[in-house]
>>> print(open('upload_16.cif').read())   # mmCIF, C-alpha atoms
data_work
loop_
_atom_site.label_atom_id
_atom_site.label_comp_id
_atom_site.auth_asym_id
_atom_site.auth_seq_id
_atom_site.Cartn_x
_atom_site.Cartn_y
_atom_site.Cartn_z
CA MET B 15 -15.40 -5.00 40.14
CA LYS B 16 -11.89 -5.55 38.78
CA LYS B 17 -13.27 -7.74 35.99
CA ASN B 18 -15.75 -5.03 35.05
CA ASN B 19 -12.96 -2.42 34.99
CA ASN B 20 -10.85 -4.63 32.73
CA SER B 21 -13.81 -5.14 30.39
CA ALA B 22 -14.45 -1.40 30.30
CA ARG B 23 -10.82 -0.73 29.42
CA VAL B 24 -10.89 -3.33 26.65
CA LEU B 25 -14.11 -1.89 25.22
CA GLY B 26 -12.68 1.61 25.46
CA ALA B 27 -9.52 0.58 23.63
CA LEU B 28 -11.56 -1.18 20.94
CA LYS B 29 -13.82 1.84 20.52
CA ASN B 30 -10.77 4.07 20.14
CA THR B 31 -9.18 1.73 17.59
CA LEU B 32 -12.35 1.60 15.46
CA ARG B 33 -13.47 5.20 15.96
CA ALA B 34 -13.44 6.13 12.25
CA LEU B 35 -16.13 3.50 11.61
CA ARG B 36 -18.73 5.71 13.27
CA TYR B 37 -19.00 7.62 9.99
CA LYS B 38 -21.50 5.99 7.63
CA ASN B 39 -19.60 6.77 4.43
CA TYR B 40 -16.41 5.30 5.84
CA ARG B 41 -18.27 2.17 7.01
CA LEU B 42 -19.64 1.63 3.49
CA TYR B 43 -16.17 2.10 2.02
CA PHE B 44 -14.62 -0.23 4.60
CA VAL B 45 -17.01 -3.13 3.92
CA GLY B 46 -16.86 -2.77 0.14
CA GLN B 47 -13.08 -2.59 0.12
CA ALA B 48 -12.78 -5.58 2.47
CA ILE B 49 -14.45 -7.79 -0.12
CA SER B 50 -12.77 -6.27 -3.16
CA LEU B 51 -9.24 -6.26 -1.72
CA THR B 52 -9.45 -9.91 -0.75
CA GLY B 53 -10.13 -10.69 -4.40
CA THR B 54 -7.31 -8.40 -5.50
CA TRP B 55 -4.76 -10.23 -3.35
CA MET B 56 -6.04 -13.56 -4.66
CA GLN B 57 -5.44 -12.34 -8.18
CA GLN B 58 -1.94 -11.04 -7.39
CA VAL B 59 -0.78 -14.38 -5.97
CA ALA B 60 -2.48 -16.35 -8.75
CA MET B 61 -0.91 -14.15 -11.42
CA SER B 62 2.61 -14.52 -9.97
CA TRP B 63 2.16 -18.28 -9.79
CA LEU B 64 0.77 -18.41 -13.33
CA VAL B 65 3.74 -16.48 -14.76
CA TYR B 66 6.28 -18.64 -12.95
CA ARG B 67 4.43 -21.83 -13.96
CA LEU B 68 4.35 -20.78 -17.62
CA THR B 69 7.92 -19.50 -17.86
CA GLY B 70 10.00 -20.51 -14.82
CA SER B 71 11.69 -17.12 -15.25
CA GLU B 72 12.62 -14.80 -12.41
CA PHE B 73 13.18 -12.01 -14.93
CA LEU B 74 9.65 -12.31 -16.35
CA LEU B 75 8.24 -12.10 -12.83
CA GLY B 76 9.94 -8.72 -12.66
CA VAL B 77 8.67 -7.73 -16.12
CA VAL B 78 5.05 -8.52 -15.23
CA SER B 79 5.32 -6.56 -12.00
CA PHE B 80 6.91 -3.71 -13.98
CA SER B 81 3.98 -3.64 -16.41
CA THR B 82 1.42 -3.23 -13.64
CA THR B 83 3.29 -0.43 -11.89
CA ILE B 84 5.10 1.62 -14.57
CA PRO B 85 1.90 3.57 -15.41
CA ILE B 86 1.86 4.70 -11.77
CA PHE B 87 5.31 6.22 -12.20
CA LEU B 88 4.41 7.89 -15.50
CA LEU B 89 0.90 9.14 -14.70
CA THR B 90 0.40 9.79 -10.99
CA PRO B 91 2.18 13.16 -10.93
CA PHE B 92 -0.57 14.36 -13.29
CA THR B 93 -3.56 12.38 -12.03
CA GLY B 94 -3.23 14.14 -8.68
CA VAL B 95 -4.29 17.33 -10.46
CA LEU B 96 -7.53 15.59 -11.45
CA ALA B 97 -8.07 14.41 -7.87
CA ASP B 98 -7.99 18.05 -6.73
CA ARG B 99 -10.16 19.25 -9.59
CA TYR B 100 -12.91 16.66 -10.18
CA ASN B 101 -15.25 14.46 -8.15
CA ARG B 102 -13.00 11.90 -6.46
CA ARG B 103 -15.76 9.34 -5.96
CA ASN B 104 -16.56 9.28 -9.69
CA ILE B 105 -12.87 8.83 -10.49
CA ILE B 106 -12.66 5.86 -8.11
CA ILE B 107 -15.80 4.24 -9.52
CA ALA B 108 -14.50 4.53 -13.09
CA THR B 109 -11.17 2.97 -12.15
CA GLN B 110 -12.84 0.11 -10.29
CA ILE B 111 -14.90 -0.73 -13.39
CA THR B 112 -11.72 -0.72 -15.47
CA ALA B 113 -9.94 -3.04 -13.01
CA MET B 114 -12.95 -5.37 -13.00
CA THR B 115 -12.80 -5.56 -16.80
CA GLN B 116 -9.09 -6.40 -16.65
CA SER B 117 -9.70 -9.21 -14.17
CA LEU B 118 -12.52 -10.63 -16.29
CA ALA B 119 -10.29 -10.65 -19.38
CA LEU B 120 -7.60 -12.58 -17.48
CA ALA B 121 -10.17 -15.09 -16.26
CA VAL B 122 -11.52 -15.71 -19.76
CA LEU B 123 -8.04 -16.15 -21.25
CA VAL B 124 -6.95 -18.64 -18.60
CA LEU B 125 -10.19 -20.61 -18.39
CA PHE B 126 -10.31 -21.06 -22.16
CA GLY B 127 -6.63 -22.03 -22.38
CA GLY B 128 -5.45 -19.13 -24.52
CA VAL B 129 -3.31 -17.18 -22.09
CA ALA B 130 0.23 -16.15 -22.95
CA VAL B 131 2.72 -14.02 -21.04
CA TRP B 132 2.21 -11.08 -23.39
CA HIS B 133 -1.51 -11.10 -22.51
CA ILE B 134 -0.62 -10.82 -18.83
CA ILE B 135 1.80 -7.95 -19.51
CA ALA B 136 -0.70 -6.04 -21.65
CA LEU B 137 -3.51 -6.45 -19.13
CA GLY B 138 -1.08 -5.50 -16.37
CA LEU B 139 -0.49 -2.20 -18.17
CA LEU B 140 -4.26 -1.59 -18.26
CA LEU B 141 -4.54 -2.27 -14.53
CA GLY B 142 -1.59 0.03 -13.88
CA VAL B 143 -3.28 2.89 -15.74
CA ALA B 144 -6.44 2.40 -13.67
CA ASN B 145 -4.42 2.37 -10.45
CA ALA B 146 -2.57 5.53 -11.45
CA PHE B 147 -5.87 7.41 -11.54
CA GLU B 148 -7.38 5.63 -8.55
CA MET B 149 -4.64 5.93 -5.93
CA PRO B 150 -4.34 9.72 -5.56
CA ALA B 151 -8.13 10.05 -5.64
CA ARG B 152 -8.58 7.32 -3.00
CA GLN B 153 -5.84 8.65 -0.73
CA SER B 154 -7.33 12.16 -0.74
CA PHE B 155 -10.91 10.81 -0.55
CA ILE B 156 -10.43 9.51 3.01
CA ILE B 157 -10.66 12.96 4.53
CA VAL B 158 -14.01 13.50 2.79
CA MET B 159 -15.45 10.32 4.32
CA VAL B 160 -14.16 11.17 7.81
CA GLU B 161 -15.67 14.48 8.87
CA ASP B 162 -13.48 15.13 11.92
CA LYS B 163 -9.77 15.64 11.16
CA ALA B 164 -8.92 14.26 14.59
CA ASP B 165 -9.96 10.83 13.25
CA LEU B 166 -7.99 11.07 9.99
CA SER B 167 -4.97 9.17 11.32
CA ASN B 168 -7.27 6.45 12.63
CA ALA B 169 -9.03 6.16 9.27
CA ILE B 170 -5.68 5.87 7.46
CA ALA B 171 -4.52 3.18 9.89
CA LEU B 172 -7.80 1.26 9.57
CA ASN B 173 -7.44 1.51 5.81
CA SER B 174 -4.02 -0.12 6.14
CA ALA B 175 -5.51 -2.76 8.45
CA LEU B 176 -8.16 -3.43 5.83
CA PHE B 177 -5.62 -3.69 3.04
CA ASN B 178 -3.38 -6.01 4.99
CA GLY B 179 -6.19 -8.06 6.46
CA ALA B 180 -7.13 -8.82 2.87
CA ARG B 181 -3.48 -9.48 2.19
CA LEU B 182 -3.56 -12.03 5.01
CA ILE B 183 -6.72 -13.78 3.83
CA GLY B 184 -6.44 -13.46 0.05
CA PRO B 185 -3.13 -15.30 -0.49
CA SER B 186 -4.20 -18.12 1.83
CA ILE B 187 -7.40 -18.60 -0.15
CA ALA B 188 -5.50 -18.33 -3.43
CA GLY B 189 -2.94 -20.91 -2.32
CA VAL B 190 -5.76 -23.40 -1.78
CA LEU B 191 -7.92 -22.47 -4.78
CA ILE B 192 -5.08 -22.51 -7.31
CA SER B 193 -4.71 -26.25 -6.73
CA ILE B 194 -8.51 -26.78 -6.92
CA ILE B 195 -9.91 -24.44 -9.57
CA GLY B 196 -6.73 -23.00 -11.05
CA GLU B 197 -5.58 -19.44 -11.57
CA GLY B 198 -8.55 -18.63 -13.80
CA GLY B 199 -11.01 -19.33 -10.99
CA CYS B 200 -9.15 -16.86 -8.76
CA PHE B 201 -9.35 -14.20 -11.46
CA LEU B 202 -13.09 -14.79 -11.84
CA ILE B 203 -13.69 -14.47 -8.09
CA ASN B 204 -11.77 -11.18 -8.12
CA THR B 205 -13.98 -9.92 -10.95
CA VAL B 206 -17.12 -10.46 -8.88
CA SER B 207 -15.56 -8.87 -5.78
CA PHE B 208 -15.34 -5.47 -7.46
CA LEU B 209 -19.13 -5.20 -7.39
CA ALA B 210 -19.01 -4.75 -3.59
CA VAL B 211 -16.84 -1.64 -3.59
CA ILE B 212 -18.68 -0.10 -6.56
CA ALA B 213 -22.01 -0.58 -4.76
CA ALA B 214 -20.57 0.96 -1.57
CA LEU B 215 -19.32 4.03 -3.42
CA LEU B 216 -22.68 4.54 -5.10
CA ALA B 217 -24.48 4.32 -1.74
CA MET B 218 -22.42 7.10 -0.12
CA ASN B 219 -23.79 10.57 0.58
CA ILE B 220 -20.77 12.76 -0.18
CA THR B 221 -20.50 16.54 -0.10
CA GLY B 222 -17.37 18.53 -0.91
CA GLY B 223 -14.07 17.06 -1.99
CA ILE B 224 -13.61 19.25 -5.07
CA VAL B 225 -11.08 22.08 -4.93
CA GLU B 226 -11.63 25.32 -6.83
CA THR B 227 -9.11 25.85 -9.64
CA ASN B 228 -9.33 29.67 -9.70
CA GLY B 229 -8.89 29.57 -13.46
CA ALA B 230 -5.45 27.91 -13.29
CA SER B 231 -4.57 25.45 -16.03
CA ALA B 232 -3.72 21.82 -15.32
CA ALA B 233 -0.05 22.51 -16.06
CA GLU B 234 0.01 25.45 -13.64
CA ARG B 235 -1.63 23.39 -10.92
CA PHE B 236 0.86 20.58 -11.48
CA ARG B 237 3.79 22.99 -11.13
CA GLU B 238 2.22 24.46 -8.01
CA GLY B 239 1.79 21.00 -6.45
CA PHE B 240 5.33 19.94 -7.35
CA SER B 241 6.86 23.12 -5.90
CA TYR B 242 4.84 22.73 -2.73
CA ALA B 243 5.64 19.04 -2.17
CA PHE B 244 9.37 19.25 -2.82
CA GLY B 245 9.79 22.73 -1.34
CA HIS B 246 8.35 21.54 1.99
CA ARG B 247 11.40 19.91 3.58
CA PRO B 248 9.63 17.43 5.91
CA ILE B 249 7.35 16.22 3.11
CA ARG B 250 10.32 16.00 0.74
CA SER B 251 12.32 13.93 3.25
CA ILE B 252 9.51 11.41 3.60
CA LEU B 253 8.88 11.20 -0.14
CA LEU B 254 12.56 10.54 -0.87
CA LEU B 255 12.81 7.87 1.84
CA LEU B 256 9.71 6.11 0.54
CA ALA B 257 11.07 6.27 -3.01
CA LEU B 258 14.27 4.52 -1.89
CA VAL B 259 12.40 1.82 0.03
CA SER B 260 10.07 1.31 -2.92
CA LEU B 261 12.95 1.03 -5.37
CA MET B 262 15.25 -1.20 -3.34
CA GLY B 263 13.13 -2.87 -0.66
CA MET B 264 9.59 -3.53 -1.88
CA PRO B 265 10.54 -5.74 -4.87
CA PHE B 266 11.47 -8.57 -2.48
CA MET B 267 7.81 -9.56 -2.76
CA VAL B 268 8.22 -10.11 -6.50
CA LEU B 269 10.73 -12.88 -5.80
CA MET B 270 8.46 -14.79 -3.40
CA PRO B 271 7.65 -17.56 -5.92
CA VAL B 272 11.40 -18.19 -6.26
CA PHE B 273 11.91 -18.48 -2.49
CA ALA B 274 8.83 -20.68 -2.12
CA SER B 275 9.83 -23.04 -4.95
CA GLU B 276 13.64 -23.02 -5.18
CA ILE B 277 14.88 -21.97 -1.73
CA LEU B 278 12.27 -23.57 0.55
CA HIS B 279 11.33 -26.37 -1.91
CA GLY B 280 7.57 -25.84 -1.61
CA GLY B 281 4.62 -25.17 -3.90
CA ALA B 282 1.63 -22.84 -4.17
CA GLY B 283 0.70 -23.53 -0.55
CA THR B 284 4.15 -22.45 0.64
CA LEU B 285 3.84 -19.25 -1.38
CA GLY B 286 0.46 -18.61 0.21
CA PHE B 287 1.89 -19.05 3.72
CA LEU B 288 4.81 -16.71 3.01
CA MET B 289 2.55 -14.00 1.61
CA SER B 290 0.10 -14.45 4.44
CA SER B 291 2.85 -14.12 7.04
CA ALA B 292 3.84 -10.73 5.62
CA GLY B 293 0.16 -9.84 5.55
CA MET B 294 -0.29 -10.84 9.19
CA GLY B 295 2.59 -8.60 10.24
CA ALA B 296 1.19 -5.75 8.18
CA PHE B 297 -2.25 -6.23 9.73
CA ALA B 298 -0.75 -6.14 13.23
CA ALA B 299 1.07 -2.92 12.33
CA ALA B 300 -2.10 -1.27 11.12
CA LEU B 301 -3.96 -2.19 14.32
CA TYR B 302 -1.09 -0.79 16.37
CA LEU B 303 -1.24 2.51 14.49
CA ALA B 304 -5.04 2.65 14.74
CA SER B 305 -4.80 2.34 18.52
CA ARG B 306 -2.58 5.42 18.81
CA ARG B 307 -4.36 8.56 20.02
CA SER B 308 -1.79 11.11 18.87
CA VAL B 309 0.01 11.80 15.63
CA MET B 310 3.09 12.91 17.49
CA GLY B 311 6.19 10.72 17.32
CA LEU B 312 5.46 9.52 13.78
CA GLU B 313 8.93 10.57 12.60
CA LYS B 314 10.49 8.17 15.15
CA ILE B 315 8.19 5.36 14.07
CA ILE B 316 9.11 5.89 10.42
CA SER B 317 12.88 5.74 11.01
CA HIS B 318 12.73 2.75 13.38
CA SER B 319 10.47 0.88 10.98
CA VAL B 320 12.88 1.30 8.07
CA PHE B 321 15.72 -0.22 10.11
CA LEU B 322 13.53 -3.14 11.22
CA PHE B 323 12.44 -3.72 7.63
CA SER B 324 16.06 -3.77 6.43
CA ALA B 325 17.15 -6.27 9.07
CA SER B 326 14.12 -8.51 8.46
CA ILE B 327 14.60 -8.95 4.72
CA ILE B 328 18.36 -9.54 5.13
CA VAL B 329 17.73 -12.37 7.60
CA PHE B 330 14.94 -13.70 5.36
CA ALA B 331 17.35 -13.83 2.44
CA ALA B 332 19.81 -15.88 4.49
CA SER B 333 17.17 -18.24 5.88
CA ARG B 334 16.74 -21.80 4.65
CA ALA B 335 14.24 -22.75 7.37
CA PHE B 336 10.55 -22.29 6.68
CA TRP B 337 9.71 -21.17 10.23
CA LEU B 338 12.45 -18.51 10.25
CA SER B 339 11.38 -17.24 6.83
CA VAL B 340 7.80 -16.92 8.04
CA CYS B 341 8.91 -15.00 11.16
CA MET B 342 11.06 -12.60 9.17
CA LEU B 343 8.28 -11.93 6.69
CA PHE B 344 5.98 -11.12 9.61
CA CYS B 345 8.54 -8.53 10.80
CA ALA B 346 9.02 -7.22 7.27
CA GLY B 347 5.26 -6.83 6.80
CA PHE B 348 4.90 -5.12 10.18
CA SER B 349 7.70 -2.62 9.57
CA MET B 350 6.80 -1.95 5.94
CA VAL B 351 3.22 -0.97 6.74
CA THR B 352 4.21 0.95 9.86
CA ALA B 353 6.58 3.09 7.79
CA MET B 354 4.11 3.55 4.93
CA ALA B 355 1.00 4.32 7.00
CA SER B 356 2.92 6.60 9.36
CA SER B 357 4.31 8.49 6.36
CA ASN B 358 0.82 8.77 4.90
CA THR B 359 -0.57 10.11 8.18
CA TYR B 360 2.31 12.55 8.60
CA ILE B 361 1.87 14.01 5.12
CA GLN B 362 -1.93 14.23 5.36
CA THR B 363 -1.58 16.02 8.70
CA VAL B 364 0.82 18.72 7.50
CA VAL B 365 -0.44 19.22 3.90
CA ASP B 366 -2.72 22.09 2.90
CA ASP B 367 -6.22 20.92 1.91
CA ASP B 368 -6.19 22.56 -1.52
CA LYS B 369 -3.04 20.63 -2.49
CA ARG B 370 -3.92 17.28 -0.91
CA GLY B 371 -4.66 15.39 -4.13
CA ARG B 372 -1.47 16.53 -5.82
CA VAL B 373 0.75 15.85 -2.83
CA MET B 374 -0.81 12.41 -2.38
CA SER B 375 -0.07 11.74 -6.04
CA PHE B 376 3.62 12.29 -5.26
CA PHE B 377 3.21 10.03 -2.22
CA THR B 378 1.81 7.36 -4.56
CA LEU B 379 4.65 8.00 -6.99
CA SER B 380 7.25 7.54 -4.24
CA PHE B 381 5.70 4.47 -2.66
CA MET B 382 4.35 2.69 -5.75
CA GLY B 383 5.82 4.45 -8.78
CA MET B 384 9.42 3.44 -8.10
CA ALA B 385 8.44 -0.21 -7.63
CA PRO B 386 8.44 -1.08 -11.37
CA PHE B 387 12.08 -0.12 -11.68
CA GLY B 388 12.81 -2.01 -8.49
CA SER B 389 11.03 -5.06 -9.89
CA LEU B 390 13.08 -4.99 -13.07
CA LEU B 391 16.27 -4.42 -11.11
CA ALA B 392 15.46 -7.23 -8.68
CA GLY B 393 14.56 -9.61 -11.49
CA ALA B 394 17.75 -8.82 -13.43
CA LEU B 395 19.98 -9.05 -10.34
CA ALA B 396 18.36 -12.29 -9.20
CA HIS B 397 19.01 -13.77 -12.64
CA ARG B 398 22.73 -12.96 -12.32
CA ILE B 399 23.58 -13.26 -8.61
CA GLY B 400 20.60 -15.15 -7.23
CA SER B 401 17.53 -14.07 -5.29
CA PRO B 402 19.05 -14.25 -1.75
CA MET B 403 21.99 -11.94 -2.55
CA THR B 404 19.63 -9.54 -4.33
CA ILE B 405 17.51 -9.19 -1.18
CA VAL B 406 20.61 -8.65 1.00
CA ILE B 407 21.70 -5.74 -1.22
CA SER B 408 18.18 -4.31 -1.02
CA GLY B 409 18.19 -4.42 2.77
CA ILE B 410 21.56 -2.65 3.03
CA ALA B 411 20.38 0.13 0.70
CA CYS B 412 17.22 0.72 2.74
CA ALA B 413 19.22 0.90 5.97
CA GLY B 414 21.41 3.57 4.39
CA GLY B 415 18.32 5.63 3.59
CA GLY B 416 17.18 5.27 7.19
CA VAL B 417 20.48 6.72 8.45
CA LEU B 418 20.08 9.80 6.24
CA PHE B 419 16.46 10.24 7.36
CA LEU B 420 17.52 10.35 11.01
CA LYS B 421 19.32 13.64 10.38
CA ARG B 422 15.95 15.33 9.65
CA ARG B 423 13.99 13.77 12.51
CA LEU B 424 13.86 16.80 14.82
CA GLU B 425 12.81 19.07 11.98
CA LEU B 426 10.00 16.67 11.08
CA ALA B 427 8.88 16.50 14.72
CA ALA B 428 8.68 20.29 15.00
CA ALA B 429 6.71 20.65 11.76
CA LEU B 430 4.24 17.96 12.81
CA CYS B 431 3.75 19.51 16.24
CA GLU B 432 3.02 22.93 14.75
CA ARG B 433 0.56 21.65 12.15
CA ALA B 434 -1.24 19.22 14.45
CA SER B 435 -1.83 22.00 16.98
CA ALA B 436 -3.21 24.28 14.27
CA VAL B 437 -5.63 21.88 12.56
CA CYS B 438 -6.82 20.02 15.64
CA PRO B 439 -6.12 21.64 19.02
CA ALA B 440 -7.77 18.67 20.78
CA LEU B 441 -4.94 16.37 19.75
CA GLU B 442 -2.20 15.53 22.21
CA VAL B 443 0.83 17.28 20.75
CA ASP B 444 3.54 16.87 23.36
CA VAL B 445 6.82 16.04 21.64
CA GLU B 446 10.12 15.02 23.12
CA MET B 447 12.88 17.13 21.58
CA GLU B 448 16.11 15.25 21.91
#
>>> encode(input="upload_16.cif", output="C-alpha cells")
Amino acid sequence: MKKNNNSARVLGALKNTLRALRYKNYRLYFVGQAISLTGTWMQQVAMSWLVYRLTGSEFLLGVVSFSTTIPIFLLTPFTGVLADRYNRRNIIIATQITAMTQSLALAVLVLFGGVAVWHIIALGLLLGVANAFEMPARQSFIIVMVEDKADLSNAIALNSALFNGARLIGPSIAGVLISIIGEGGCFLINTVSFLAVIAALLAMNITGGIVETNGASAAERFREGFSYAFGHRPIRSILLLLALVSLMGMPFMVLMPVFASEILHGGAGTLGFLMSSAGMGAFAAALYLASRRSVMGLEKIISHSVFLFSASIIVFAASRAFWLSVCMLFCAGFSMVTAMASSNTYIQTVVDDDKRGRVMSFFTLSFMGMAPFGSLLAGALAHRIGSPMTIVISGIACAGGGVLFLKRRLELAAALCERASAVCPALEVDVEME
C-alpha cells in the first residue's frame, strides 16, 4: 500500500510539473522547439569555437556576440508594438525562416573554406534582427497556446526547461561533432532543425492573440507601452535588475572559450562540458519552477537567485580546478534561469493583456538587449585585466543590484498577490509579509 501511495505521489507531482503539455498547441510548440533549440545551441558553441580558432582574440569573441545581440537592443522596444498588433504566429514563422537562412549561409561559407570573421559578424547581425522580432512575439505567444491562465507560470517554466535542456544537450553534441565534422557540419545540422519548429507552428490551431489598436498609431502605442512598463514600479524594478545582470553578469558565457583553453588547458570537449554544466543547472532550475503550484514568493526567488549567481561566477573566476569550475557553472546556470524565468512569470502575471507584447519587448530588451554592451565590455576588460578579474567585477556588480532590489521586495509581493487573486482566484495567494 505504501509503495502504491509513493507511486501515486510521484505521478501526481509529474502531472503537475507537465500540466501545460495537456494543450495541443503547446505540445506542438514544445516538440518543435526541442529539436530547433538543440541545433541553435550547437551553432552557438561551434561559432564561438570557430571565432577563437580563427583569431585567438578575446575581444573578437565579444564583438561577434555584440553583433548578434545589438539589434535586440535597438529594435525590441518597437517590435513589441508589432507583437500586440499583428498575428504573432506569422511573425515567429517569418523569423524562423530568416534564422534558418543565416545558419545555411554560415554552413556554406565554412564547408567551402571561405569564411572570414567579417562574414560571421554580418550574419550575426542578420540573426540579431530576426531575434529582435521573434522574442517579444514568442514571449507573448505563450498565453495564446495555454488557454488557462493558471497554467501560464508552468508553461513559462517548461519553456525554460526546454531551452536549457537543449542547452545541456546541444553543447555536448557540438563538442564532439566539432572534432569530427567541423563547425560547418554543426551549422548545417542547425539549418535542418529549424524545419521542426516551422512545421509545428503551421500545424497549430490558434485563435486570438491580436490586440485591437483603436486607431492609435505605432508611435502612440509605443509611448503607451513605455509609460505603462516604467510607470509600474514592480515591473520597473524587475526590468532594471535584469538589465544590470544582463550587462554585467551574462557576458561571462562569452569568455568560456578562454577559460576552457587558457585557464583549464582544455579543448573543444572542455568547452562543451562547461557549457553543458551551466545548461544542466539551468534545466534543474526550470524543473523546480515548473513544479511550483503558486506564483507567490517569486520576488524572494528573484533576489536570492541574483545573490547565488553573483557568488557562483566569482568562485568560478577564481577556480583553476575543472571539477570546481563545473560545479560553479551548474550553480550559475541554476540561479540565472531561476531569476530570469521567475521575472518572466511575475511580469506576465501582473501585466494587462492589451500591453503584453510591448511589456515583453522591454523584458527582452532588459534581459537580452543589454548583453551586447556587456559582451564588448567583458571582451575589452578581459583583454586588459584578464578574464578571471573581469568575471569577479561582474559578480560584485550583480550583487550590488540584488541589494537594491531587496528594498522593493514587499511592494512586489503585494502587487503580485493582488493581481494573482484578480486574474485567477483558484491560485494559492498566501504571502508572508515580513
>>> atom_distance(input="upload_16.cif", atom1="CA of Asn104 (chain B)", atom2="CA of Val373 (chain B)")
19.7 Å
>>> resolve_selection(input="upload_16.cif", expression="the PyMOL selection byres ((chain B and resi 52-58) around 7)", output="NGL selection string")
:B and (48-51 or 59-62 or 180-181 or 183-185 or 187-188 or 200-201 or 203-204 or 207)
>>> residues_near_point(input="upload_16.cif", point="(1.8, 7.3, 15.6)", cutoff="10 Å", atoms="all atoms listed in the file", output="NGL selection string")
:B and (167-168 or 171 or 302-316 or 352 or 355-357 or 359-360)
>>> closest_atom_pairs(input="upload_16.cif", of="region 72-148 of chain B", to="region 242-262 of chain B", cutoff="12 Å", atoms="all atoms listed in the file", output="JSON lines")
{"residue": "B:Phe80", "atom": "CA", "partner": "B:Leu261", "partner_atom": "CA", "distance": 11.5}
{"residue": "B:Thr83", "atom": "CA", "partner": "B:Ser260", "partner_atom": "CA", "distance": 11.4}
{"residue": "B:Phe87", "atom": "CA", "partner": "B:Ala257", "partner_atom": "CA", "distance": 10.8}
{"residue": "B:Pro91", "atom": "CA", "partner": "B:Ala243", "partner_atom": "CA", "distance": 11.1}
>>> residues_near_point(input="upload_16.cif", point="(3.8, -7.4, 8.0)", cutoff="12 Å", atoms="only C-alpha atoms", output="PyMOL selection string")
chain B and resi 174-175+177-179+181-182+267+288-302+319+322-323+326-327+340-354
>>> closest_residue(input="upload_16.cif", among="B:Gly189, B:Pro402, B:Gly263, B:Gly414", to="Met384 (chain B)", atoms="only C-alpha atoms")
B:Gly263
>>> resolve_selection(input="upload_16.cif", expression="the PyMOL selection byres ((chain B and resi 35) around 12)", output="PyMOL selection string")
chain B and resi 28-34+36-45+156+159-162+165-166+168-173+304
>>> resolve_selection(input="upload_16.cif", expression="the PyMOL selection byres ((chain B and resi 115-120) around 12)", output="number ranges by chain")
B: 50, 53-58, 60-61, 64, 82, 108-114, 121-145, 197-209
>>> closest_residue(input="upload_16.cif", among="B:Phe236, B:Lys421, B:Leu269, B:Glu148", to="His397 (chain B)", atoms="only C-alpha atoms")
B:Leu269
>>> atom_distance(input="upload_16.cif", atom1="CA of Thr284 (chain B)", atom2="CA of Ala413 (chain B)")
28.3 Å
>>> atom_distance(input="upload_16.cif", atom1="CA of Leu426 (chain B)", atom2="CA of Ser324 (chain B)")
21.8 Å
>>> closest_residue(input="upload_16.cif", among="B:Phe376, B:Phe381, B:Phe321, B:Phe287", to="Val417 (chain B)", atoms="all atoms listed in the file")
B:Phe321
